[in-house]
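Step one of this worksheet: look at the structure below.
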Amino acid sequence: MSAPATTKPRPNTLTERYVQATVRHVPQAQRPDVARELRASIADMVEARAGAGQSPGDAERDALTELGDPERLAATYAGRDLVLIGPRLFLEWWRLLKLLLAIVPAILVVITVIGGVADDHSAGKIVGDAVGAAWNVAINIAFWVTLVFAMIERFAPDEVDEISSKEWTPDELPESADPRGGISFGETAASIGFLAVVIAFFPWQEWRPPSIGGVETPLLNTDLWSFWLPFLIAVLVIEIGYELVKYRIGRWTPGLLAAKAVINLAFAIPVVWLLLAGDFLNPGLTDALDASQSTIDTSASITAVVVIAITIWDFADAAWKARQSQTLA
Amino acid sequence: MVDPDLLRTHRQELRRGTVVVASLVALREPGYGYGLLETLAAQGFEVDANTLYPLLRRLEEQGLLTSEWDTSGPRPRKFYRTSPEGSELAAALLAEITSLSSAFARLTGEEASP
(Lines give C-alpha, C1' and ligand atoms only; values in the text may rest on other atoms or scores of the structure.)
Protein backbone atom coordinates (compact mmCIF):
# COMPACT_ATOMS: atom_id res chain seq x y z
CA MET A 1 0.00 0.00 0.00
CA SER A 2 1.75 3.20 -1.15
CA ALA A 3 1.16 6.67 0.22
CA PRO A 4 -0.34 9.20 -2.23
CA ALA A 5 2.06 11.87 -3.49
CA THR A 6 0.21 14.62 -1.68
CA THR A 7 -1.72 13.64 1.42
CA LYS A 8 -5.04 15.32 2.04
CA PRO A 9 -4.93 17.76 4.94
CA ARG A 10 -5.55 16.12 8.30
CA PRO A 11 -8.26 17.30 10.70
CA ASN A 12 -6.91 19.67 13.34
CA THR A 13 -7.79 17.39 16.25
CA LEU A 14 -5.85 17.12 19.48
CA THR A 15 -4.65 13.67 18.43
CA GLU A 16 -3.43 14.87 15.05
CA ARG A 17 -1.61 17.82 16.61
CA TYR A 18 0.06 15.41 19.02
CA VAL A 19 1.07 12.98 16.27
CA GLN A 20 2.54 15.78 14.16
CA ALA A 21 4.37 17.21 17.16
CA THR A 22 5.95 13.82 17.77
CA VAL A 23 6.92 12.76 14.26
CA ARG A 24 8.50 16.13 13.58
CA HIS A 25 11.39 14.85 15.72
CA VAL A 26 11.53 11.42 14.11
CA PRO A 27 13.82 10.76 11.10
CA GLN A 28 12.14 11.58 7.81
CA ALA A 29 12.11 8.00 6.53
CA GLN A 30 10.22 6.68 9.52
CA ARG A 31 7.68 9.46 9.83
CA PRO A 32 4.74 8.03 7.86
CA ASP A 33 4.90 4.67 9.60
CA VAL A 34 5.34 6.08 13.11
CA ALA A 35 2.49 8.52 12.49
CA ARG A 36 0.13 5.76 11.33
CA GLU A 37 1.00 3.50 14.21
CA LEU A 38 0.74 6.25 16.78
CA ARG A 39 -2.67 7.32 15.47
CA ALA A 40 -3.90 3.75 15.70
CA SER A 41 -2.53 3.28 19.23
CA ILE A 42 -4.04 6.51 20.45
CA ALA A 43 -7.38 5.54 18.92
CA ASP A 44 -7.19 2.21 20.78
CA MET A 45 -6.41 3.96 24.06
CA VAL A 46 -9.31 6.40 23.58
CA GLU A 47 -11.70 3.58 22.65
CA ALA A 48 -10.80 1.66 25.80
CA ARG A 49 -11.34 4.69 28.01
CA ALA A 50 -14.62 5.62 26.29
CA GLY A 51 -15.75 2.05 26.75
CA ALA A 52 -15.12 2.47 30.46
CA GLY A 53 -17.44 5.48 30.55
CA GLN A 54 -15.32 8.54 29.82
CA SER A 55 -16.49 11.18 27.33
CA PRO A 56 -14.54 11.05 24.02
CA GLY A 57 -13.00 14.46 24.66
CA ASP A 58 -11.77 13.53 28.12
CA ALA A 59 -10.61 10.13 26.91
CA GLU A 60 -8.55 11.72 24.13
CA ARG A 61 -7.05 14.22 26.54
CA ASP A 62 -6.18 11.58 29.13
CA ALA A 63 -4.63 9.28 26.56
CA LEU A 64 -2.37 12.03 25.24
CA THR A 65 -1.46 13.09 28.77
CA GLU A 66 -0.46 9.52 29.51
CA LEU A 67 1.78 9.46 26.43
CA GLY A 68 3.49 12.63 27.62
CA ASP A 69 5.76 15.22 26.00
CA PRO A 70 5.93 14.50 22.24
CA GLU A 71 9.63 15.32 22.05
CA ARG A 72 10.38 12.96 24.86
CA LEU A 73 8.32 10.24 23.16
CA ALA A 74 10.18 10.86 19.90
CA ALA A 75 13.50 10.48 21.72
CA THR A 76 12.35 7.15 23.15
CA TYR A 77 11.40 6.05 19.62
CA ALA A 78 14.92 6.90 18.50
CA GLY A 79 16.48 5.21 21.53
CA ARG A 80 18.28 8.44 22.31
CA ASP A 81 19.09 9.71 25.81
CA LEU A 82 18.11 13.34 26.24
CA VAL A 83 21.49 14.54 27.47
CA LEU A 84 24.06 17.10 26.30
CA ILE A 85 27.22 15.29 27.34
CA GLY A 86 26.69 11.72 28.55
CA PRO A 87 28.45 9.80 31.31
CA ARG A 88 30.95 8.21 28.93
CA LEU A 89 32.27 11.56 27.75
CA PHE A 90 31.69 13.66 30.84
CA LEU A 91 35.02 13.22 32.64
CA GLU A 92 37.05 13.79 29.47
CA TRP A 93 35.12 17.00 28.87
CA TRP A 94 35.45 18.21 32.45
CA ARG A 95 39.19 17.51 32.68
CA LEU A 96 39.97 19.13 29.34
CA LEU A 97 37.95 22.15 30.36
CA LYS A 98 39.79 22.49 33.69
CA LEU A 99 43.15 22.16 31.97
CA LEU A 100 42.44 24.80 29.34
CA LEU A 101 40.84 27.20 31.81
CA ALA A 102 43.82 26.90 34.12
CA ILE A 103 46.39 27.69 31.42
CA VAL A 104 45.01 29.87 28.66
CA PRO A 105 43.47 32.80 30.59
CA ALA A 106 46.64 33.11 32.68
CA ILE A 107 48.81 33.29 29.55
CA LEU A 108 46.47 35.86 28.06
CA VAL A 109 46.68 38.00 31.20
CA VAL A 110 50.48 38.05 30.99
CA ILE A 111 50.39 38.94 27.29
CA THR A 112 47.82 41.67 27.86
CA VAL A 113 49.81 43.18 30.70
CA ILE A 114 53.03 43.18 28.68
CA GLY A 115 51.21 44.67 25.72
CA GLY A 116 49.61 47.31 27.88
CA VAL A 117 52.91 48.29 29.43
CA ALA A 118 54.53 48.51 26.00
CA ASP A 119 51.68 50.68 24.76
CA ASP A 120 51.97 52.94 27.76
CA HIS A 121 48.49 52.40 29.16
CA SER A 122 47.46 53.34 32.67
CA ALA A 123 47.44 50.72 35.40
CA GLY A 124 43.67 50.85 35.58
CA LYS A 125 43.30 50.24 31.86
CA ILE A 126 45.80 47.38 31.94
CA VAL A 127 43.96 45.67 34.76
CA GLY A 128 40.63 46.22 33.04
CA ASP A 129 41.93 44.90 29.74
CA ALA A 130 43.54 41.88 31.39
CA VAL A 131 40.42 40.95 33.33
CA GLY A 132 38.27 41.49 30.25
CA ALA A 133 40.56 39.38 28.07
CA ALA A 134 40.74 36.58 30.64
CA TRP A 135 36.98 36.52 31.09
CA ASN A 136 36.36 36.61 27.35
CA VAL A 137 38.71 33.75 26.54
CA ALA A 138 37.40 31.70 29.47
CA ILE A 139 33.83 32.01 28.21
CA ASN A 140 34.90 31.10 24.69
CA ILE A 141 36.87 28.07 25.85
CA ALA A 142 33.94 26.83 27.92
CA PHE A 143 31.52 27.28 25.04
CA TRP A 144 33.56 25.74 22.22
CA VAL A 145 34.84 22.77 24.20
CA THR A 146 31.30 22.02 25.37
CA LEU A 147 29.92 22.40 21.87
CA VAL A 148 32.45 20.01 20.35
CA PHE A 149 31.78 17.38 23.00
CA ALA A 150 28.02 17.80 22.68
CA MET A 151 28.27 17.28 18.94
CA ILE A 152 30.39 14.18 19.38
CA GLU A 153 27.83 12.85 21.86
CA ARG A 154 24.99 13.52 19.44
CA PHE A 155 26.42 12.62 16.06
CA ALA A 156 29.42 10.33 16.45
CA PRO A 157 28.71 7.37 18.74
CA ASP A 158 31.69 5.40 17.44
CA GLU A 159 34.09 8.17 18.34
CA VAL A 160 32.54 8.26 21.80
CA ASP A 161 33.56 4.67 22.38
CA GLU A 162 37.08 5.41 21.22
CA ILE A 163 37.47 8.41 23.50
CA SER A 164 35.91 6.85 26.56
CA SER A 165 37.30 3.34 26.24
CA LYS A 166 40.82 4.20 27.35
CA GLU A 167 41.17 2.01 30.41
CA TRP A 168 42.13 3.67 33.65
CA THR A 169 45.17 2.13 35.36
CA PRO A 170 46.60 2.83 38.81
CA ASP A 171 49.54 4.57 37.06
CA GLU A 172 47.29 7.58 36.67
CA LEU A 173 46.91 8.13 40.40
CA PRO A 174 48.49 11.25 41.90
CA GLU A 175 51.93 10.62 43.37
CA SER A 176 51.03 11.39 46.97
CA ALA A 177 48.32 9.90 49.17
CA ASP A 178 48.66 12.71 51.70
CA PRO A 179 46.49 15.67 50.76
CA ARG A 180 48.66 18.09 52.78
CA GLY A 181 52.14 16.82 52.02
CA GLY A 182 51.35 16.50 48.35
CA ILE A 183 51.62 19.38 45.91
CA SER A 184 48.18 20.57 44.96
CA PHE A 185 47.28 22.12 41.65
CA GLY A 186 45.77 25.16 43.33
CA GLU A 187 48.88 25.82 45.33
CA THR A 188 51.10 25.58 42.25
CA ALA A 189 48.80 27.77 40.17
CA ALA A 190 48.73 30.40 42.93
CA SER A 191 52.53 30.40 43.21
CA ILE A 192 52.99 30.74 39.48
CA GLY A 193 50.41 33.51 39.37
CA PHE A 194 52.19 35.37 42.14
CA LEU A 195 55.56 34.97 40.44
CA ALA A 196 54.08 36.28 37.20
CA VAL A 197 52.84 39.37 39.01
CA VAL A 198 56.26 39.96 40.59
CA ILE A 199 57.99 39.55 37.24
CA ALA A 200 55.54 42.01 35.70
CA PHE A 201 56.28 44.47 38.51
CA PHE A 202 59.82 45.16 37.32
CA PRO A 203 59.06 46.41 33.80
CA TRP A 204 55.92 48.13 35.05
CA GLN A 205 57.66 50.35 37.57
CA GLU A 206 60.24 51.29 34.96
CA TRP A 207 58.21 52.00 31.85
CA ARG A 208 54.92 53.06 33.31
CA PRO A 209 56.03 54.25 36.69
CA PRO A 210 53.69 55.50 39.38
CA SER A 211 53.21 59.22 39.60
CA ILE A 212 54.87 60.47 42.80
CA GLY A 213 54.52 64.14 43.65
CA GLY A 214 53.29 64.82 40.15
CA VAL A 215 56.37 63.32 38.51
CA GLU A 216 56.55 59.83 37.10
CA THR A 217 59.28 58.19 39.11
CA PRO A 218 60.55 54.65 38.77
CA LEU A 219 60.79 52.98 42.16
CA LEU A 220 63.98 51.08 41.55
CA ASN A 221 67.42 52.28 40.54
CA THR A 222 67.46 52.38 36.75
CA ASP A 223 71.16 51.44 36.67
CA LEU A 224 70.11 48.02 37.92
CA TRP A 225 68.80 47.20 34.48
CA SER A 226 72.35 46.67 33.30
CA PHE A 227 72.63 43.42 35.23
CA TRP A 228 70.78 42.88 38.48
CA LEU A 229 67.18 43.26 37.40
CA PRO A 230 67.54 40.92 34.42
CA PHE A 231 69.23 38.53 36.84
CA LEU A 232 66.37 38.73 39.34
CA ILE A 233 63.80 38.27 36.59
CA ALA A 234 65.74 35.22 35.36
CA VAL A 235 65.69 33.76 38.89
CA LEU A 236 61.94 34.26 39.07
CA VAL A 237 61.45 32.60 35.68
CA ILE A 238 63.55 29.67 36.91
CA GLU A 239 61.33 29.59 39.96
CA ILE A 240 58.25 29.22 37.76
CA GLY A 241 59.96 26.27 36.08
CA TYR A 242 60.72 24.90 39.53
CA GLU A 243 57.05 25.13 40.53
CA LEU A 244 56.07 23.15 37.43
CA VAL A 245 58.66 20.46 38.15
CA LYS A 246 57.53 20.32 41.77
CA TYR A 247 53.92 19.85 40.66
CA ARG A 248 54.92 17.11 38.25
CA ILE A 249 56.77 15.23 40.98
CA GLY A 250 53.80 15.66 43.26
CA ARG A 251 55.44 15.58 46.64
CA TRP A 252 58.33 17.16 48.49
CA THR A 253 61.74 15.55 48.07
CA PRO A 254 65.10 16.56 49.57
CA GLY A 255 66.18 17.58 46.06
CA LEU A 256 63.21 19.94 45.68
CA LEU A 257 63.88 21.41 49.07
CA ALA A 258 67.53 22.04 48.24
CA ALA A 259 66.57 23.64 44.91
CA LYS A 260 64.09 25.86 46.70
CA ALA A 261 66.80 27.01 49.11
CA VAL A 262 69.15 27.87 46.25
CA ILE A 263 66.49 29.78 44.30
CA ASN A 264 65.28 31.72 47.32
CA LEU A 265 68.83 32.71 48.25
CA ALA A 266 69.64 33.60 44.65
CA PHE A 267 66.82 36.10 44.81
CA ALA A 268 67.10 37.30 48.39
CA ILE A 269 70.85 37.84 48.69
CA PRO A 270 71.21 40.32 45.82
CA VAL A 271 68.06 42.20 46.87
CA VAL A 272 69.14 42.51 50.48
CA TRP A 273 72.71 43.48 49.58
CA LEU A 274 71.51 46.13 47.10
CA LEU A 275 69.02 47.48 49.61
CA LEU A 276 71.60 47.81 52.37
CA ALA A 277 74.11 49.37 49.98
CA GLY A 278 71.48 51.91 49.04
CA ASP A 279 71.65 50.88 45.41
CA PHE A 280 68.27 49.24 45.09
CA LEU A 281 65.86 52.12 45.19
CA ASN A 282 65.76 54.98 42.73
CA PRO A 283 67.96 57.82 44.05
CA GLY A 284 65.41 60.22 42.57
CA LEU A 285 62.89 59.11 45.19
CA THR A 286 64.37 61.45 47.80
CA ASP A 287 63.44 64.45 45.68
CA ALA A 288 60.13 63.07 44.48
CA LEU A 289 58.95 62.12 47.97
CA ASP A 290 60.53 65.19 49.51
CA ALA A 291 62.04 62.98 52.19
CA SER A 292 65.44 62.91 53.78
CA GLN A 293 68.09 60.44 52.80
CA SER A 294 68.04 58.83 56.26
CA THR A 295 64.31 58.11 55.92
CA ILE A 296 64.95 56.40 52.61
CA ASP A 297 67.83 54.44 54.13
CA THR A 298 65.72 53.29 57.05
CA SER A 299 62.98 52.17 54.72
CA ALA A 300 65.50 50.22 52.70
CA SER A 301 66.80 48.49 55.82
CA ILE A 302 63.31 47.60 56.96
CA THR A 303 62.55 46.22 53.51
CA ALA A 304 65.72 44.14 53.65
CA VAL A 305 64.70 42.67 56.98
CA VAL A 306 61.25 41.86 55.60
CA VAL A 307 62.79 40.14 52.58
CA ILE A 308 65.02 38.03 54.85
CA ALA A 309 62.06 37.14 57.07
CA ILE A 310 59.90 36.11 54.13
CA THR A 311 62.68 34.01 52.64
CA ILE A 312 63.24 32.19 55.92
CA TRP A 313 59.52 31.67 56.47
CA ASP A 314 58.99 30.40 52.93
CA PHE A 315 61.77 27.87 53.31
CA ALA A 316 60.65 26.78 56.78
CA ASP A 317 57.11 26.24 55.51
CA ALA A 318 58.37 24.05 52.68
CA ALA A 319 60.66 22.10 55.02
CA TRP A 320 57.81 21.50 57.44
CA LYS A 321 55.58 20.17 54.64
CA ALA A 322 58.40 17.96 53.41
CA ARG A 323 58.91 16.58 56.89
CA GLN A 324 55.16 15.87 57.17
CA SER A 325 54.99 13.89 53.96
CA GLN A 326 57.99 11.84 55.09
CA THR A 327 56.62 10.97 58.49
CA LEU A 328 53.41 9.84 56.88
CA ALA A 329 55.10 7.79 54.17
CA MET B 1 8.58 0.68 57.28
CA VAL B 2 10.17 0.99 53.86
CA ASP B 3 10.04 4.39 52.18
CA PRO B 4 7.53 3.99 49.30
CA ASP B 5 9.66 6.02 46.90
CA LEU B 6 12.71 3.92 47.66
CA LEU B 7 10.70 0.76 47.15
CA ARG B 8 9.34 2.06 43.86
CA THR B 9 12.82 2.94 42.59
CA HIS B 10 14.22 -0.48 43.34
CA ARG B 11 11.17 -2.33 41.99
CA GLN B 12 11.49 -0.38 38.74
CA GLU B 13 15.18 -1.30 38.53
CA LEU B 14 14.34 -4.92 39.11
CA ARG B 15 11.59 -5.04 36.51
CA ARG B 16 13.41 -2.96 33.95
CA GLY B 17 14.46 -5.76 31.64
CA THR B 18 11.42 -8.00 32.06
CA VAL B 19 9.16 -6.12 29.64
CA VAL B 20 11.36 -7.14 26.70
CA VAL B 21 11.15 -10.84 27.58
CA ALA B 22 7.44 -10.63 28.31
CA SER B 23 6.76 -8.90 24.99
CA LEU B 24 8.78 -11.44 23.01
CA VAL B 25 6.95 -14.28 24.69
CA ALA B 26 3.49 -12.71 24.33
CA LEU B 27 4.09 -11.89 20.66
CA ARG B 28 4.60 -15.50 19.69
CA GLU B 29 0.99 -14.91 18.79
CA PRO B 30 0.67 -11.78 16.59
CA GLY B 31 -0.39 -8.72 18.55
CA TYR B 32 -0.59 -4.94 18.22
CA GLY B 33 0.55 -2.10 20.49
CA TYR B 34 -2.45 -1.46 22.68
CA GLY B 35 -3.53 -5.09 22.76
CA LEU B 36 -0.12 -6.12 24.06
CA LEU B 37 -0.27 -3.34 26.65
CA GLU B 38 -3.53 -4.78 28.00
CA THR B 39 -2.26 -8.36 27.92
CA LEU B 40 0.90 -7.50 29.82
CA ALA B 41 -1.03 -5.43 32.34
CA ALA B 42 -3.45 -8.29 32.93
CA GLN B 43 -0.54 -10.62 33.62
CA GLY B 44 1.02 -8.22 36.09
CA PHE B 45 3.72 -6.61 33.92
CA GLU B 46 3.58 -2.90 34.61
CA VAL B 47 4.60 -0.92 31.56
CA ASP B 48 3.73 2.56 30.30
CA ALA B 49 2.31 3.14 26.82
CA ASN B 50 5.08 5.63 26.05
CA THR B 51 7.65 2.95 26.88
CA LEU B 52 6.04 -0.01 25.11
CA TYR B 53 5.24 1.51 21.71
CA PRO B 54 8.80 2.71 21.05
CA LEU B 55 10.13 -0.54 22.49
CA LEU B 56 8.24 -2.58 19.87
CA ARG B 57 9.78 -0.50 17.08
CA ARG B 58 13.26 -0.91 18.51
CA LEU B 59 12.84 -4.65 18.90
CA GLU B 60 11.76 -4.75 15.27
CA GLU B 61 14.88 -2.79 14.29
CA GLN B 62 16.94 -5.37 16.17
CA GLY B 63 15.31 -8.14 14.15
CA LEU B 64 13.55 -9.71 17.13
CA LEU B 65 10.08 -8.87 15.86
CA THR B 66 8.49 -8.71 12.43
CA SER B 67 5.58 -6.42 11.63
CA GLU B 68 2.71 -6.23 9.19
CA TRP B 69 -0.04 -3.72 8.68
CA ASP B 70 -3.51 -5.24 8.92
CA THR B 71 -5.97 -3.11 6.96
CA SER B 72 -8.87 -5.59 7.17
CA GLY B 73 -10.41 -4.30 10.40
CA PRO B 74 -12.30 -1.05 11.14
CA ARG B 75 -9.01 0.73 11.58
CA PRO B 76 -5.55 -0.21 10.21
CA ARG B 77 -3.33 -1.76 12.86
CA LYS B 78 0.33 -2.67 12.88
CA PHE B 79 0.72 -6.24 14.07
CA TYR B 80 3.97 -7.51 15.53
CA ARG B 81 5.14 -11.07 15.78
CA THR B 82 8.20 -12.62 17.36
CA SER B 83 10.80 -13.61 14.76
CA PRO B 84 12.83 -16.84 15.02
CA GLU B 85 15.79 -14.86 16.41
CA GLY B 86 13.40 -13.20 18.84
CA SER B 87 12.12 -16.58 19.94
CA GLU B 88 15.65 -17.87 20.54
CA LEU B 89 16.53 -14.75 22.50
CA ALA B 90 13.35 -15.07 24.57
CA ALA B 91 14.17 -18.69 25.40
CA ALA B 92 17.67 -17.70 26.51
CA LEU B 93 16.36 -14.87 28.66
CA LEU B 94 13.69 -17.08 30.21
CA ALA B 95 16.38 -19.60 31.11
CA GLU B 96 18.27 -16.70 32.70
CA ILE B 97 15.24 -15.80 34.79
CA THR B 98 14.80 -19.40 35.93
CA SER B 99 18.44 -19.70 36.93
CA LEU B 100 18.23 -16.41 38.81
CA SER B 101 15.16 -17.72 40.60
CA SER B 102 17.02 -20.85 41.71
CA ALA B 103 20.04 -18.78 42.70
CA PHE B 104 17.86 -16.66 44.95
CA ALA B 105 16.23 -19.76 46.39
CA ARG B 106 19.65 -21.14 47.28
CA LEU B 107 20.75 -17.80 48.70
CA THR B 108 17.73 -17.31 50.90
CA GLY B 109 17.77 -20.99 51.83
CA GLU B 110 21.37 -20.74 52.97
CA GLU B 111 20.68 -17.51 54.84
CA ALA B 112 17.76 -19.08 56.67
CA SER B 113 19.66 -22.12 57.90
CA PRO B 114 21.40 -21.64 61.29
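Lettering and numbering for the C-alpha coordinates are positional, with chains as A, B, ... in the shown order, residues counted from 1 in each chain, and ligands counted from 1 in the shown order.
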
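Here is the contact set of chain B against chain A, at 8 Å and counting only C-alpha atoms: Gly33, Tyr34, Ala49, Asn50, Thr51, Tyr53, Pro54, Leu55, Arg57, Arg58, Arg75, Pro76, Arg77 and Lys78 of chain B.
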
Exercise. Pick out the residues sitting within 12 Å of Ala190 of chain A, and hand them over as a count of residues only; count only C-alpha atoms, and ignore anything fewer than 3 positions along from it in its own chain.
Key: 16

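Shortest separation to Tyr242 of chain A among A:Trp204, A:Val271, A:Ser191, A:Val46 occurs at residue A:Ser191, atoms counted being only C-alpha atoms.
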
Checklist entry - Out of segment 15-149 of chain A, which residues get alpha helix (DSSP H) from DSSP, as a ChimeraX atom specification? => result /A:15-23,31-51,56-67,70-78,87-118,123-149

Determine, counting only C-alpha atoms, which protein, DNA and RNA residues have an atom within 12 Å of an atom of Arg16 of chain B; residues of the same chain fewer than 3 positions away are not included. Present the result as a ChimeraX atom specification.
/B:8-13,19-22,45-48,51-52

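Residues within 10 Å of Trp228 of chain A, counting only C-alpha atoms and excluding same-chain residues fewer than 3 positions away, are Asp223, Leu224, Trp225, Phe231, Leu232, Ile233, Ala234, Pro270, Val271, Leu274 and Phe280 of chain A.
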
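Rounded to one decimal, atom CA of Leu236 of chain A and atom CA of Leu97 of chain A lie 28.2 Å from each other.
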